[in-house]
file structure_1.txt (compact mmCIF, C-alpha atoms and all ligand atoms)
# COMPACT_ATOMS: atom_id res chain seq x y z
CA MET A 133 10.19 27.95 22.16
CA LYS A 134 9.19 25.58 24.91
CA ASP A 135 6.45 23.20 23.92
CA GLN A 136 3.53 23.46 26.26
CA THR A 137 1.32 20.82 24.70
CA LYS A 138 1.13 17.59 26.60
CA GLU A 139 0.20 14.29 25.07
CA GLY A 140 -3.53 13.99 24.82
CA GLN A 141 -4.10 17.67 25.44
CA LYS A 142 -6.70 18.60 22.88
CA ASN A 143 -6.95 22.38 22.99
CA PHE A 144 -3.86 24.33 22.02
CA VAL A 145 -2.41 26.79 19.55
CA LEU A 146 0.66 26.61 17.30
CA ARG A 147 2.23 29.72 15.84
CA GLY A 148 4.34 29.82 12.67
CA ASN A 149 4.20 30.23 8.91
CA ILE A 150 1.18 28.15 8.01
CA ILE A 151 0.63 26.64 4.57
CA TYR A 152 -2.01 24.22 3.30
CA SER A 153 -3.89 23.37 0.09
CA LYS A 154 -7.35 24.83 -0.40
CA THR A 155 -7.70 23.13 -3.79
CA PRO A 156 -5.22 21.27 -6.01
CA GLN A 157 -4.18 24.62 -7.46
CA GLU A 158 -4.52 27.00 -4.55
CA LEU A 159 -2.43 27.23 -1.41
CA SER A 160 -3.39 29.12 1.71
CA VAL A 161 -0.40 30.96 3.20
CA THR A 162 -0.49 32.76 6.55
CA GLU A 163 2.77 34.28 7.76
CA HIS A 164 3.25 34.16 11.51
CA GLY A 165 -0.28 32.90 11.88
CA PHE A 166 -2.07 30.93 14.58
CA LEU A 167 -3.26 27.35 14.07
CA VAL A 168 -5.90 26.43 16.62
CA CYS A 169 -6.62 22.87 17.78
CA SER A 170 -9.97 22.66 19.55
CA GLY A 171 -11.46 19.45 20.89
CA GLY A 172 -8.70 17.53 19.10
CA LYS A 173 -9.60 18.91 15.65
CA VAL A 174 -8.46 21.84 13.57
CA LYS A 175 -10.49 24.93 14.39
CA GLY A 176 -8.83 27.24 11.89
CA VAL A 177 -5.88 29.40 10.90
CA TYR A 178 -5.90 33.05 12.02
CA GLU A 179 -3.72 36.09 11.38
CA THR A 180 -4.70 37.41 14.80
CA LEU A 181 -5.62 34.99 17.55
CA PRO A 182 -9.32 35.35 18.41
CA LYS A 183 -10.03 36.30 22.02
CA GLU A 184 -11.62 32.99 22.98
CA TYR A 185 -8.38 31.08 22.28
CA ARG A 186 -6.00 33.42 24.09
CA THR A 187 -5.99 31.37 27.26
CA LEU A 188 -5.00 28.15 25.47
CA PRO A 189 -1.41 26.90 25.69
CA LEU A 190 0.54 28.29 22.75
CA THR A 191 3.73 27.00 21.16
CA ASP A 192 5.48 29.65 19.11
CA TYR A 193 7.60 28.05 16.39
CA GLY A 194 8.95 31.40 15.26
CA ASP A 195 10.02 31.36 11.60
CA ALA A 196 9.34 27.65 11.10
CA MET A 197 6.77 26.49 8.56
CA ILE A 198 3.72 24.49 9.62
CA ILE A 199 2.08 22.22 7.06
CA PRO A 200 -0.50 19.41 7.24
CA GLY A 201 0.78 15.87 7.80
CA LEU A 202 1.59 13.82 4.71
CA THR A 203 -0.13 10.58 3.72
CA ASP A 204 1.66 7.62 2.11
CA LEU A 205 -1.08 5.72 0.29
CA HIS A 206 1.09 2.75 -0.66
CA LEU A 207 4.15 1.02 0.77
CA HIS A 208 5.45 -2.41 1.74
CA ALA A 209 6.88 -2.64 5.28
CA PRO A 210 8.76 -5.96 4.75
CA GLN A 211 10.53 -4.51 1.72
CA TYR A 212 12.07 -1.70 3.78
CA SER A 213 15.10 -3.91 4.50
CA TYR A 214 16.22 -4.07 0.86
CA ARG A 215 15.23 -0.60 -0.31
CA GLY A 216 17.79 1.01 -2.57
CA THR A 217 18.90 -2.33 -4.04
CA GLY A 218 17.65 -4.61 -6.80
CA MET A 219 16.87 -1.91 -9.33
CA ASP A 220 18.14 -3.94 -12.30
CA LEU A 221 14.89 -5.78 -13.03
CA THR A 222 11.32 -4.98 -13.99
CA LEU A 223 8.26 -5.88 -11.95
CA LEU A 224 7.68 -9.60 -12.45
CA ASP A 225 11.35 -10.63 -12.30
CA TRP A 226 11.92 -8.15 -9.47
CA LEU A 227 9.16 -9.80 -7.42
CA ASN A 228 10.51 -13.30 -7.95
CA THR A 229 14.16 -12.42 -7.47
CA TYR A 230 14.13 -9.93 -4.60
CA THR A 231 10.69 -9.45 -3.11
CA PHE A 232 9.30 -12.92 -2.45
CA PRO A 233 12.53 -14.31 -0.90
CA GLU A 234 12.74 -11.34 1.48
CA GLU A 235 9.04 -11.37 2.42
CA GLU A 236 9.29 -15.10 3.12
CA ARG A 237 11.76 -14.38 5.92
CA TYR A 238 9.00 -12.72 7.98
CA GLN A 239 7.71 -16.15 8.86
CA ASP A 240 10.45 -15.94 11.49
CA GLU A 241 8.92 -13.73 14.17
CA ALA A 242 12.27 -12.66 15.59
CA TYR A 243 13.32 -11.44 12.17
CA ALA A 244 9.98 -9.70 11.70
CA ARG A 245 10.29 -7.98 15.08
CA LEU A 246 13.79 -6.73 14.32
CA GLN A 247 13.05 -5.43 10.83
CA TYR A 248 9.61 -4.02 11.57
CA ALA A 249 10.96 -2.16 14.61
CA ARG A 250 13.42 -0.34 12.32
CA PHE A 251 10.70 0.39 9.82
CA ALA A 252 8.25 1.69 12.43
CA GLU A 253 10.86 3.94 14.03
CA ASP A 254 11.90 5.42 10.67
CA LEU A 255 8.29 5.94 9.61
CA LYS A 256 7.61 7.69 12.89
CA MET A 257 10.48 10.12 12.28
CA SER A 258 9.54 10.65 8.59
CA PRO A 259 7.12 13.29 7.26
CA THR A 260 4.40 10.62 6.97
CA CYS A 261 1.53 10.92 9.44
CA ARG A 262 -0.82 8.35 7.89
CA ALA A 263 -0.16 5.38 5.65
CA ALA A 264 -1.65 2.32 3.96
CA ILE A 265 0.83 -0.51 4.35
CA PHE A 266 1.31 -4.03 2.94
CA ALA A 267 2.81 -6.62 5.30
CA THR A 268 3.42 -10.26 4.26
CA ILE A 269 1.27 -13.39 4.12
CA HIS A 270 2.03 -14.15 7.79
CA PRO A 271 -0.73 -13.23 10.31
CA GLN A 272 1.56 -13.24 13.36
CA ALA A 273 4.24 -11.07 11.79
CA SER A 274 1.56 -8.68 10.53
CA ILE A 275 0.33 -8.28 14.10
CA ILE A 276 3.89 -7.60 15.27
CA LEU A 277 3.99 -4.78 12.71
CA MET A 278 0.63 -3.41 13.86
CA ASP A 279 1.70 -3.48 17.54
CA LEU A 280 4.81 -1.47 16.65
CA LEU A 281 2.91 1.01 14.49
CA GLU A 282 0.28 1.54 17.18
CA LYS A 283 3.05 2.67 19.52
CA THR A 284 4.34 5.27 17.04
CA GLY A 285 1.12 7.31 17.29
CA LEU A 286 0.75 7.39 13.49
CA VAL A 287 -2.56 6.37 11.93
CA THR A 288 -2.19 3.41 9.59
CA PHE A 289 -3.97 0.70 7.69
CA VAL A 290 -2.04 -2.58 7.62
CA GLY A 291 -2.80 -5.54 5.38
CA LYS A 292 -1.79 -9.13 5.76
CA VAL A 293 -1.09 -10.01 2.12
CA SER A 294 -3.28 -12.65 0.48
CA MET A 295 -1.81 -14.69 -2.41
CA ASP A 296 -2.58 -18.25 -3.47
CA ARG A 297 -0.88 -18.55 -6.88
CA ASN A 298 2.29 -17.59 -8.72
CA GLY A 299 4.34 -16.87 -5.64
CA SER A 300 7.37 -19.04 -5.03
CA LYS A 301 6.98 -22.64 -3.81
CA THR A 302 7.73 -21.52 -0.28
CA TYR A 303 6.15 -18.08 -0.31
CA THR A 304 2.50 -18.59 -1.11
CA GLU A 305 -0.74 -19.73 0.44
CA HIS A 306 -1.57 -23.11 -1.03
CA SER A 307 -5.24 -22.73 -1.86
CA ALA A 308 -8.03 -20.17 -1.74
CA PRO A 309 -9.56 -21.74 1.41
CA GLU A 310 -6.17 -21.75 3.16
CA ALA A 311 -5.63 -18.09 2.23
CA ALA A 312 -9.14 -17.15 3.38
CA ALA A 313 -8.63 -18.96 6.71
CA SER A 314 -5.33 -17.16 7.23
CA LEU A 315 -7.02 -13.80 6.56
CA LEU A 316 -9.75 -14.60 9.09
CA SER A 317 -7.18 -15.57 11.70
CA PHE A 318 -5.38 -12.25 11.10
CA LEU A 319 -8.64 -10.32 11.51
CA SER A 320 -9.46 -12.16 14.69
CA LEU A 321 -6.01 -11.35 16.12
CA VAL A 322 -6.60 -7.70 15.20
CA ARG A 323 -9.95 -7.69 17.02
CA SER A 324 -8.29 -9.05 20.15
CA ARG A 325 -5.83 -6.14 20.21
CA ASN A 326 -8.17 -3.15 20.55
CA TYR A 327 -5.95 -0.81 18.55
CA GLN A 328 -6.79 2.90 18.63
CA ARG A 329 -5.08 4.04 15.44
CA THR A 330 -3.98 0.93 13.55
CA PHE A 331 -6.56 -0.66 11.28
CA PRO A 332 -6.72 -3.77 9.12
CA ILE A 333 -7.11 -3.52 5.35
CA LEU A 334 -7.84 -6.41 3.00
CA THR A 335 -4.80 -6.93 0.77
CA PRO A 336 -5.02 -9.26 -2.20
CA ARG A 337 -1.47 -8.79 -3.57
CA PHE A 338 -2.49 -8.43 -7.22
CA THR A 339 -4.56 -10.47 -9.64
CA PRO A 340 -1.66 -12.61 -10.94
CA ALA A 341 -1.12 -13.83 -7.36
CA CYS A 342 -4.82 -14.30 -6.46
CA SER A 343 -7.15 -16.92 -7.92
CA ASP A 344 -10.72 -15.90 -8.75
CA ASP A 345 -11.84 -18.02 -5.80
CA LEU A 346 -9.57 -16.15 -3.42
CA LEU A 347 -10.72 -12.74 -4.70
CA MET A 348 -14.33 -13.90 -4.24
CA SER A 349 -13.67 -15.02 -0.64
CA ILE A 350 -11.98 -11.71 0.16
CA GLY A 351 -15.00 -9.99 -1.40
CA GLN A 352 -17.25 -11.93 1.02
CA VAL A 353 -15.15 -10.81 3.98
CA GLN A 354 -15.32 -7.23 2.69
CA LYS A 355 -19.09 -7.35 2.46
CA GLN A 356 -19.45 -8.77 5.95
CA THR A 357 -16.97 -6.47 7.67
CA GLY A 358 -16.82 -3.26 5.62
CA ILE A 359 -13.02 -3.33 5.90
CA PRO A 360 -11.33 -1.38 3.08
CA VAL A 361 -9.14 -2.89 0.37
CA GLN A 362 -5.76 -2.19 -1.18
CA SER A 363 -4.03 -3.79 -4.14
CA HIS A 364 -2.04 -3.11 -7.32
CA LEU A 365 -3.45 -2.15 -10.72
CA SER A 366 -2.08 -1.77 -14.27
CA GLU A 367 1.48 -1.16 -13.18
CA ASN A 368 3.48 -2.85 -15.93
CA PRO A 369 2.73 -4.03 -19.51
CA GLU A 370 3.81 -7.66 -18.96
CA GLU A 371 1.74 -7.83 -15.79
CA ILE A 372 -1.33 -6.55 -17.64
CA ALA A 373 -0.85 -9.06 -20.48
CA TRP A 374 -0.62 -11.81 -17.87
CA VAL A 375 -3.87 -10.69 -16.22
CA ARG A 376 -5.53 -10.81 -19.64
CA GLU A 377 -4.38 -14.43 -20.03
CA LEU A 378 -5.39 -15.42 -16.51
CA CYS A 379 -8.79 -13.70 -16.66
CA PRO A 380 -9.91 -13.73 -20.31
CA ASN A 381 -13.48 -12.79 -19.43
CA ALA A 382 -12.67 -9.64 -17.49
CA SER A 383 -13.24 -6.38 -19.38
CA CYS A 384 -10.02 -4.93 -17.92
CA TYR A 385 -7.60 -5.54 -15.05
CA GLY A 386 -9.78 -3.48 -12.69
CA ASP A 387 -12.75 -5.69 -13.56
CA THR A 388 -10.97 -8.69 -12.00
CA TYR A 389 -11.35 -6.91 -8.65
CA GLN A 390 -14.73 -5.39 -9.42
CA ARG A 391 -16.26 -8.83 -10.12
CA ALA A 392 -15.35 -9.78 -6.55
CA GLY A 393 -16.69 -6.56 -5.00
CA LEU A 394 -13.19 -5.23 -4.37
CA PHE A 395 -13.12 -2.11 -6.50
CA GLY A 396 -14.70 0.90 -4.83
CA GLY A 397 -18.41 1.63 -4.54
CA THR A 398 -19.28 0.65 -0.98
CA CYS A 399 -15.80 -0.86 -0.61
CA ARG A 400 -13.22 1.82 0.19
CA THR A 401 -10.35 0.98 -2.13
CA ILE A 402 -6.78 2.04 -2.88
CA MET A 403 -5.19 0.79 -6.09
CA ALA A 404 -1.48 1.43 -6.51
CA HIS A 405 0.00 2.68 -9.79
CA GLY A 406 -2.54 2.85 -12.63
CA VAL A 407 0.28 3.58 -15.06
CA TRP A 408 -1.37 1.91 -18.05
CA CYS A 409 -5.14 2.06 -17.41
CA PRO A 410 -7.26 1.82 -20.56
CA ASP A 411 -10.21 4.20 -20.90
CA ASN A 412 -12.82 1.73 -19.63
CA GLU A 413 -10.71 1.12 -16.52
CA ILE A 414 -10.37 4.86 -15.90
CA GLU A 415 -14.15 5.15 -16.15
CA MET A 416 -14.59 2.31 -13.67
CA ILE A 417 -12.17 3.98 -11.23
CA LEU A 418 -14.05 7.26 -11.49
CA GLU A 419 -17.51 5.74 -11.23
CA ASN A 420 -16.54 3.67 -8.20
CA GLY A 421 -14.55 6.38 -6.41
CA VAL A 422 -11.43 4.21 -6.22
CA TYR A 423 -8.30 5.93 -4.84
CA LEU A 424 -5.20 5.79 -6.98
CA ALA A 425 -1.81 5.75 -5.26
CA HIS A 426 0.68 7.37 -7.61
CA CYS A 427 4.17 5.97 -6.95
CA PRO A 428 6.54 7.84 -9.26
CA GLN A 429 9.83 6.69 -7.76
CA SER A 430 8.85 3.04 -7.96
CA ASN A 431 7.52 3.50 -11.49
CA THR A 432 10.95 4.87 -12.42
CA ASN A 433 13.14 2.38 -10.53
CA ILE A 434 11.48 -0.75 -11.85
CA ALA A 435 10.81 0.91 -15.20
CA SER A 436 7.05 0.57 -15.09
CA GLY A 437 6.29 3.82 -16.92
CA ILE A 438 4.71 7.19 -16.17
CA ALA A 439 1.15 7.44 -14.88
CA PRO A 440 -0.91 10.22 -16.51
CA ILE A 441 -1.58 12.06 -13.27
CA ARG A 442 -2.47 15.37 -14.90
CA LYS A 443 -5.26 13.61 -16.74
CA TYR A 444 -6.41 11.82 -13.56
CA LEU A 445 -6.46 15.05 -11.57
CA ASP A 446 -8.38 16.88 -14.28
CA LEU A 447 -10.93 14.04 -14.40
CA GLY A 448 -11.48 14.44 -10.65
CA MET A 449 -10.02 11.04 -9.71
CA HIS A 450 -9.05 10.56 -6.05
CA VAL A 451 -5.25 10.56 -6.30
CA GLY A 452 -2.59 10.50 -3.59
CA LEU A 453 1.10 9.60 -3.45
CA GLY A 454 2.84 6.38 -2.45
CA SER A 455 6.49 5.74 -1.71
CA ASP A 456 5.95 2.08 -2.68
CA VAL A 457 9.04 1.05 -0.76
CA ALA A 458 10.95 -0.96 -1.99
CA GLY A 459 10.04 -0.25 -5.62
CA GLY A 460 10.66 3.25 -4.33
CA ALA A 461 13.87 3.53 -2.31
CA SER A 462 12.88 6.56 -0.24
CA LEU A 463 10.34 6.59 2.55
CA SER A 464 10.07 10.37 2.22
CA LEU A 465 6.88 11.83 0.83
CA PHE A 466 8.83 15.04 0.17
CA ARG A 467 10.78 13.00 -2.35
CA ALA A 468 7.52 11.59 -3.75
CA ILE A 469 6.26 15.14 -4.36
CA THR A 470 9.35 16.08 -6.35
CA ASP A 471 9.30 12.79 -8.27
CA ALA A 472 5.61 13.25 -9.14
CA ILE A 473 6.34 16.71 -10.52
CA GLY A 474 9.46 15.46 -12.32
CA VAL A 475 7.84 12.52 -14.09
CA SER A 476 4.86 14.68 -15.07
CA LYS A 477 7.33 16.87 -16.98
CA LEU A 478 8.73 13.85 -18.80
CA TYR A 479 5.19 12.74 -19.60
CA TRP A 480 4.45 16.16 -21.11
CA ARG A 481 7.73 16.30 -23.02
CA LEU A 482 7.90 12.71 -24.26
CA ILE A 483 4.33 11.41 -24.37
CA ASP A 484 1.60 14.02 -24.57
CA HIS A 485 2.07 17.72 -25.06
CA ASP A 486 -1.52 18.42 -24.01
CA GLU A 487 -0.96 17.14 -20.48
CA ARG A 488 0.61 20.01 -18.55
CA PRO A 489 3.19 19.10 -15.90
CA LEU A 490 2.12 19.23 -12.26
CA THR A 491 2.81 22.46 -10.42
CA PHE A 492 4.41 22.50 -6.99
CA ALA A 493 1.01 23.31 -5.47
CA GLU A 494 -0.48 20.24 -7.14
CA GLY A 495 2.33 17.97 -5.96
CA PHE A 496 1.87 19.29 -2.42
CA TYR A 497 -1.88 18.75 -2.65
CA LEU A 498 -1.42 15.10 -3.66
CA ALA A 499 0.74 14.40 -0.60
CA THR A 500 -1.59 16.19 1.84
CA ARG A 501 -5.29 16.49 0.95
CA GLY A 502 -5.23 14.13 -2.03
CA GLY A 503 -4.12 11.02 -0.15
CA GLY A 504 -5.29 12.28 3.24
CA SER A 505 -8.94 12.24 2.21
CA PHE A 506 -8.84 8.43 2.15
CA PHE A 507 -8.70 8.77 5.97
CA GLY A 508 -11.58 11.28 6.15
CA ASP A 509 -11.16 15.02 6.72
CA VAL A 510 -7.37 14.89 6.70
CA GLY A 511 -4.63 16.91 5.02
CA ALA A 512 -5.72 20.53 5.41
CA PHE A 513 -6.14 23.11 8.16
CA GLU A 514 -9.87 23.63 7.77
CA GLU A 515 -12.42 23.47 10.55
CA GLY A 516 -13.16 19.91 11.63
CA PHE A 517 -10.09 18.38 9.99
CA ALA A 518 -7.88 15.96 11.91
CA PHE A 519 -5.08 17.84 13.63
CA ASP A 520 -2.07 16.42 11.75
CA ALA A 521 0.80 18.90 11.40
CA LEU A 522 4.50 19.03 10.60
CA VAL A 523 6.72 21.86 11.84
CA LEU A 524 9.56 22.38 9.38
CA SER A 525 12.82 24.25 9.53
CA GLU A 526 15.91 24.28 7.30
CA LYS A 527 19.03 22.79 8.89
CA SER A 528 21.41 25.53 7.88
CA GLY A 529 19.15 28.55 7.94
CA LEU A 530 17.19 30.12 5.15
CA TYR A 531 18.29 30.58 1.58
CA ARG A 532 14.98 31.78 0.21
CA GLN A 533 12.76 33.47 2.66
CA GLU A 534 10.35 35.22 0.31
CA PRO A 535 7.81 34.40 -0.84
CA LEU A 536 7.02 31.70 1.69
CA ILE A 537 5.82 29.32 -0.96
CA ASN A 538 9.26 29.31 -2.61
CA ARG A 539 10.76 28.61 0.77
CA LEU A 540 8.53 25.55 1.16
CA GLU A 541 9.30 24.42 -2.40
CA GLN A 542 13.02 24.65 -1.72
CA PHE A 543 12.62 22.74 1.53
CA VAL A 544 10.77 19.95 -0.26
CA TYR A 545 13.41 19.70 -3.00
CA LEU A 546 16.46 19.70 -0.67
CA PRO A 547 16.62 16.58 1.54
CA GLU A 548 19.92 17.71 3.06
CA GLN A 549 18.13 20.75 4.49
CA GLN A 550 15.08 18.99 5.87
CA GLN A 551 14.45 19.08 9.55
CA ILE A 552 11.13 18.24 11.16
CA LEU A 553 10.99 20.08 14.47
CA ALA A 554 7.70 18.59 15.57
CA LYS A 555 5.06 16.20 14.32
CA TYR A 556 1.44 16.03 15.44
CA VAL A 557 -0.99 13.29 14.49
CA ALA A 558 -4.63 13.43 15.55
CA ALA A 559 -3.77 16.26 17.98
CA ARG A 560 -1.07 14.19 19.67
CA ARG A 561 2.56 15.27 19.59
CA ILE A 562 4.64 12.40 18.15
CA PHE A 563 8.02 14.17 18.66
N1 LIG B 601 2.70 -5.98 -7.61
C1 LIG B 601 2.53 -7.08 -6.83
N2 LIG B 601 3.32 -7.05 -5.75
C2 LIG B 601 4.02 -5.90 -5.84
C3 LIG B 601 5.00 -5.30 -4.99
O1 LIG B 601 5.39 -5.83 -3.95
N3 LIG B 601 5.49 -4.10 -5.41
C4 LIG B 601 5.07 -3.50 -6.55
N4 LIG B 601 5.58 -2.33 -6.90
N5 LIG B 601 4.16 -4.06 -7.37
C5 LIG B 601 3.64 -5.24 -7.00
FE FE B 602 3.50 -1.88 -4.29
call {"tool": "encode", "arguments": {"input": "structure_1.txt", "output": "structure tokens"}}
result
Amino acid sequence: MKDQTKEGQKNFVLRGNIIYSKTPQELSVTEHGFLVCSGGKVKGVYETLPKEYRTLPLTDYGDAMIIPGLTDLHLHAPQYSYRGTGMDLTLLDWLNTYTFPEEERYQDEAYARLQYARFAEDLKMSPTCRAAIFATIHPQASIILMDLLEKTGLVTFVGKVSMDRNGSKTYTEHSAPEAAASLLSFLSLVRSRNYQRTFPILTPRFTPACSDDLLMSIGQVQKQTGIPVQSHLSENPEEIAWVRELCPNASCYGDTYQRAGLFGGTCRTIMAHGVWCPDNEIEMILENGVYLAHCPQSNTNIASGIAPIRKYLDLGMHVGLGSDVAGGASLSLFRAITDAIGVSKLYWRLIDHDERPLTFAEGFYLATRGGGSFFGDVGAFEEGFAFDALVLSEKSGLYRQEPLINRLEQFVYLPEQQQILAKYVAARRIF
């Protein structure tokens, strides 16, 4: 099983049990099939290798499963250090007690380098191939994170956080102009770096932490640069009530971003959570093509609630999954898949009997094609898609071999069995 692909080699073939989502409901399964990478992109999946590809280098992964790379649409790199702790509070107290004091420490570049190096290494070894990441308010530390991520070979968006109100005294930007200047200095540092796979994303933390003036200035930057946006939306009832007080003229929480040009349309946007969106906000999300990052473990840990993902999927909303570390403790998108399915069952049982739970195929779709599409043609093995692939094998051999889809389901549900034999991102072997 010697790997013959070399870094940067763009034409090759992988052999194994190949699974990907055709639609949210339908999986394509090819046992002992051939996955062809041509010109750095997916060419297709074949039961028998077509003649024209028989001279390409081939890596035979035997009985291993090959799936598309997973996309984490929402996580906080500086919170990685305290993941798995601080689960005794809900959002607003959690931010003040645990999050802001930790994020403040990234002002110290040595600390940032140490912690971000751990984060980048773990993300590299995780099932995540692409991610949209929050950093902190510090431009220099955010660049340290981007430098480290660039070296991993993963494709990421990284945002220096903007916040000019309701932080702590020592963890905030002190005015909208100061915050806007800091954002511009971050973007100019990014331009000087010439990254190949690490991109900036505008990151107003959330409306309670951003004055109208700051949102408007970020909106101006968005218009001038076309850089995408990420933020938080309708995560927690107290947060939403606070937004209503702070912005009495907005028609909903989403409108506070929309007024500034930061809510979809020509502005590519990811909003995390959407647990409690009212109908007019859901309509705005759909009309504007906003992506929703569903973060079920975070929503459970800090008791935010359960997002109605069945409804969102049926409405055709762009939905993907987020680990939301450190609201979520686990970096693993496999865990996010099982949590998304799990909370959808509670939603059906406890809240609305008309909203069927997610199936395994739907959970898998969210983690692959659903979130991947924010990055373009990503998350499936169809012609022209980015060549992102994970090669998976159980640590202690197979329990369930047949049908293959049950084998994948079991793999996803059993972290103690999970082994990633190889990871490819944009046709490049990461390990
Ligand atoms: N809302 C504003 N900031 C945050 C954060 O860091 N995590 C989560 N889960 N929600 C937020
Ligand atoms: Fe978050």
call {"tool": "closest_residue", "arguments": {"input": "structure_1.txt", "among": "A:Ser343, A:Thr357, A:Gln239, A:Ser363", "to": "ligand FE 602 (chain B)", "atoms": "only C-alpha atoms and all ligand atoms"}}
result
A:Ser363
call {"tool": "closest_residue", "arguments": {"input": "structure_1.txt", "among": "A:Cys409, A:Ala558, A:Arg329, A:Asp204", "to": "A:Cys427", "atoms": "all atoms listed in the file"}}
result
A:Asp204
call {"tool": "residues_around", "arguments": {"input": "structure_1.txt", "residues": "A:Leu319", "least_positions_apart": "5", "cutoff": "10 Å", "atoms": "all atoms listed in the file", "output": "ChimeraX atom specification"}}
result
/A:271,275,291-292,313-314,324,331-334,353,357,359
call {"tool": "atom_distance", "arguments": {"input": "structure_1.txt", "atom1": "atom CA of A:Gly508", "atom2": "atom CA of A:Gly201"}}
result
13.3 Å
call {"tool": "residues_around", "arguments": {"input": "structure_1.txt", "residues": "stretch 243-249 of chain A", "least_positions_apart": "6", "cutoff": "12 Å", "atoms": "all atoms listed in the file", "output": "PyMOL selection string"}}
result
chain A and resi 208-214+234-237+255-256+265-268+270-284
call {"tool": "write_last_selection", "arguments": {"input": "structure_1.txt", "atoms": "C-alpha atoms", "output": "mmCIF file, in the frame of the given file"}}
result
data_model
loop_
_atom_site.group_PDB
_atom_site.id
_atom_site.type_symbol
_atom_site.label_atom_id
_atom_site.label_comp_id
_atom_site.auth_asym_id
_atom_site.auth_seq_id
_atom_site.Cartn_x
_atom_site.Cartn_y
_atom_site.Cartn_z
ATOM 1 C CA HIS A 208 5.450 -2.410 1.740
ATOM 2 C CA ALA A 209 6.880 -2.640 5.280
ATOM 3 C CA PRO A 210 8.760 -5.960 4.750
ATOM 4 C CA GLN A 211 10.530 -4.510 1.720
ATOM 5 C CA TYR A 212 12.070 -1.700 3.780
ATOM 6 C CA SER A 213 15.100 -3.910 4.500
ATOM 7 C CA TYR A 214 16.220 -4.070 0.860
ATOM 8 C CA GLU A 234 12.740 -11.340 1.480
ATOM 9 C CA GLU A 235 9.040 -11.370 2.420
ATOM 10 C CA GLU A 236 9.290 -15.100 3.120
ATOM 11 C CA ARG A 237 11.760 -14.380 5.920
ATOM 12 C CA LEU A 255 8.290 5.940 9.610
ATOM 13 C CA LYS A 256 7.610 7.690 12.890
ATOM 14 C CA ILE A 265 0.830 -0.510 4.350
ATOM 15 C CA PHE A 266 1.310 -4.030 2.940
ATOM 16 C CA ALA A 267 2.810 -6.620 5.300
ATOM 17 C CA THR A 268 3.420 -10.260 4.260
ATOM 18 C CA HIS A 270 2.030 -14.150 7.790
ATOM 19 C CA PRO A 271 -0.730 -13.230 10.310
ATOM 20 C CA GLN A 272 1.560 -13.240 13.360
ATOM 21 C CA ALA A 273 4.240 -11.070 11.790
ATOM 22 C CA SER A 274 1.560 -8.680 10.530
ATOM 23 C CA ILE A 275 0.330 -8.280 14.100
ATOM 24 C CA ILE A 276 3.890 -7.600 15.270
ATOM 25 C CA LEU A 277 3.990 -4.780 12.710
ATOM 26 C CA MET A 278 0.630 -3.410 13.860
ATOM 27 C CA ASP A 279 1.700 -3.480 17.540
ATOM 28 C CA LEU A 280 4.810 -1.470 16.650
ATOM 29 C CA LEU A 281 2.910 1.010 14.490
ATOM 30 C CA GLU A 282 0.280 1.540 17.180
ATOM 31 C CA LYS A 283 3.050 2.670 19.520
ATOM 32 C CA THR A 284 4.340 5.270 17.040
#
call {"tool": "residues_around", "arguments": {"input": "structure_1.txt", "residues": "stretch 444-449 of chain A", "least_positions_apart": "3", "cutoff": "9 Å", "atoms": "all atoms listed in the file", "output": "PyMOL selection string"}}
result
chain A and resi 156+414+417-418+421-424+439-441
call {"tool": "residues_near_ligand", "arguments": {"input": "structure_1.txt", "ligand": "ligand LIG 601 (chain B)", "cutoff": "9 Å", "atoms": "all atoms listed in the file", "output": "ChimeraX atom specification"}}
result
/A:207-208,211,223-224,226-227,231-232,266,337-341,363-365,367-368,371,404-405,427,430-431,434,436,456-460
call {"tool": "closest_residue", "arguments": {"input": "structure_1.txt", "among": "A:Ile469, A:Ala312, A:Ala264, A:Ala521", "to": "ligand FE 602 (chain B)", "atoms": "only C-alpha atoms and all ligand atoms"}}
result
A:Ala264
call {"tool": "closest_residue", "arguments": {"input": "structure_1.txt", "among": "A:Thr217, A:Gln429, A:Ser464, A:Ser258", "to": "ligand FE 602 (chain B)", "atoms": "all atoms listed in the file"}}
result
A:Gln429
call {"tool": "closest_residue", "arguments": {"input": "structure_1.txt", "among": "A:Gln157, A:Thr187, A:Thr203, A:Gln362", "to": "ligand FE 602 (chain B)", "atoms": "all atoms listed in the file"}}
result
A:Gln362
call {"tool": "residues_around", "arguments": {"input": "structure_1.txt", "residues": "A:Val451", "least_positions_apart": "6", "cutoff": "7 Å", "atoms": "only C-alpha atoms", "output": "ChimeraX atom specification"}}
result
/A:423-426,498,502-503
call {"tool": "residues_around", "arguments": {"input": "structure_1.txt", "residues": "A:Arg262", "least_positions_apart": "6", "cutoff": "6 Å", "atoms": "only C-alpha atoms", "output": "list in words"}}
result
Thr203, Leu286, Val287 and Thr288 of chain A
call {"tool": "closest_residue", "arguments": {"input": "structure_1.txt", "among": "A:Gly358, A:Gly529, A:Gly171, A:Pro336", "to": "ligand FE 602 (chain B)", "atoms": "only C-alpha atoms and all ligand atoms"}}
result
A:Pro336
call {"tool": "axis_aligned_box", "arguments": {"input": "structure_1.txt", "around": "stretch 296-307 of chain A", "padding_each_side": "5 Å", "output": "JSON"}}
result
{"center_x": 1.2, "center_y": -20.0, "center_z": -4.1, "size_x": 23.0, "size_y": 16.2, "size_z": 19.2}
call {"tool": "atom_distance", "arguments": {"input": "structure_1.txt", "atom1": "atom CA of A:Leu522", "atom2": "atom CA of A:Leu205"}}
result
17.7 Å
call {"tool": "atom_distance", "arguments": {"input": "structure_1.txt", "atom1": "atom CA of A:Ile402", "atom2": "atom CA of A:Thr335"}}
result
9.9 Å
